[in-house]
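Contents: one structure, followed by commentary.
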Amino acid sequence: MGAVSAEHVSTPTGAVFLSYASQDAMAAQRMCAALRSAGVEVWFDQSELRGGDAWDRQIRERIHDCRLFIALISAHTEARDQGYFRHEWKLAVERTHHMSDKKPFLVPVVIDNTRERGASVPDKLHEVQWTHLPGGEAPSEFVARIKRLLTPELTAKSAGQTGRPIPGALTSVPGMKSQRAA
């Protein structure tokens, strides 16, 4: 593995990577639009990949460089034993092995009635709080939370600490349902 410059690591090219099954493209588009309208940079493959791009390499680079990874979870992801989104999820989980446990990175979002318990997702996604946004509709509270997660100093100020995220903060956003395994 070659040397990576500190600037490349500390200055990601994309703030949020949005991963979803192709059947959930409309929900992903809604979430992307809500985030972008609030000034959040989102890497969304339908709008970012161009003809002739080496798409696998592009996706790997974006997952490596993103600051947050949002995994859309649904009945469609549950129904598919195979899919490129599963590869994306594994790449994101692999990246967490190089991160502090205090660094927010994985953001699982359920867009339908899929239950966390027994869901076919990598174990690491079960370790963080899930957010329920039916149909991918992202309320302003969710968008604000994503913006805070992208700005570590705001997260630290909200937590009253330096550099530490607010544990379970996605559970306290009004208008969003949260579901934990019983």
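Identifiers in the structure tokens: chain A, B, ... in order shown; residue index from 1 per chain; ligand index from 1 in order shown.
All residues of protein, DNA or RNA that reach within 8 Å of A:Leu150, judged by only C-alpha atoms and not counting those fewer than 4 positions away in the chain, are Ala15, Arg67, Leu68 and Ile146 of chain A.
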C-alpha atoms of the current selection, written as a JSON list (two decimals), in the first residue's frame:
[["chain", "number", "residue", "atom", "x", "y", "z"],
["A", 15, "ALA", "CA", -19.14, 14.61, 2.93],
["A", 67, "ARG", "CA", -17.13, 11.70, 6.26],
["A", 68, "LEU", "CA", -20.43, 9.89, 6.86],
["A", 146, "ILE", "CA", -26.26, 15.15, 9.82]]
Near-A:Gln23 list (12 Å; only C-alpha atoms; drop same-chain fewer than 6 positions) as number ranges by chain: A: 29, 72-80, 83, 85, 111, 135
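Distance check against A:Ile59 using only C-alpha atoms: of A:Ser19, A:Thr96, A:Thr114, A:Ser140, the minimum falls on A:Ser19.
Within stretch 78-126 of chain A, the backbone-based DSSP assignment of helix (DSSP H, G or I) covers A:Glu78, A:Ala79, A:Tyr84, A:Phe85, A:Arg86, A:His87, A:Glu88, A:Trp89, A:Lys90, A:Leu91, A:Ala92, A:Val93, A:Glu94, A:Arg95, A:Thr96, A:Asp123, A:Lys124, A:Leu125, A:His126.
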Could you pull out all residues of stretch 25-164 of chain A with a DSSP call of strand (DSSP E) and give them as a PyMOL selection string? chain A and resi 42-43+68-73+106-110+131-132
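Within 12 Å of A:Asp56, once only C-alpha atoms are used and residues closer than 2 positions along the same chain are dropped, the contacting residues are A:Asp45, A:Leu49, A:Gly52, A:Asp53, A:Ala54, A:Gln58, A:Ile59, A:Arg60, A:Glu61, A:Arg62, A:Ile63, A:Tyr84, A:Phe85, A:His87, A:Glu88, A:Leu91.
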Dump C-alpha atoms for the selected residues as a compact mmCIF listing (two decimals), in the first residue's frame?
# COMPACT_ATOMS: atom_id res chain seq x y z
CA ASP A 45 -24.16 7.48 -7.70
CA LEU A 49 -21.08 8.64 -12.21
CA GLY A 52 -16.88 5.78 -19.10
CA ASP A 53 -16.12 6.19 -15.37
CA ALA A 54 -14.46 3.26 -13.67
CA GLN A 58 -14.94 5.64 -8.05
CA ILE A 59 -17.22 4.08 -5.43
CA ARG A 60 -14.29 2.65 -3.46
CA GLU A 61 -12.59 6.07 -3.45
CA ARG A 62 -15.78 7.86 -2.36
CA ILE A 63 -16.35 5.44 0.51
CA TYR A 84 -23.54 -4.05 -4.90
CA PHE A 85 -24.94 -2.13 -1.89
CA HIS A 87 -20.26 -4.58 -1.05
CA GLU A 88 -20.50 -0.86 -0.23
CA LEU A 91 -16.24 -1.43 2.49
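You will find atom CA of A:Glu137 at 7.2 Å from atom CA of A:Ala27.
Counting from atom CA of A:Lys124, the distance to atom CA of A:Ala71 is 11.7 Å.
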Might you pull out every residue within 12 Å of stretch 104-106 of chain A, with only C-alpha atoms counted and same-chain residues fewer than 5 positions away left off, and present them as a PyMOL selection string? chain A and resi 15-19+63-72+88-99+122-131+145-152+155-156+163-170
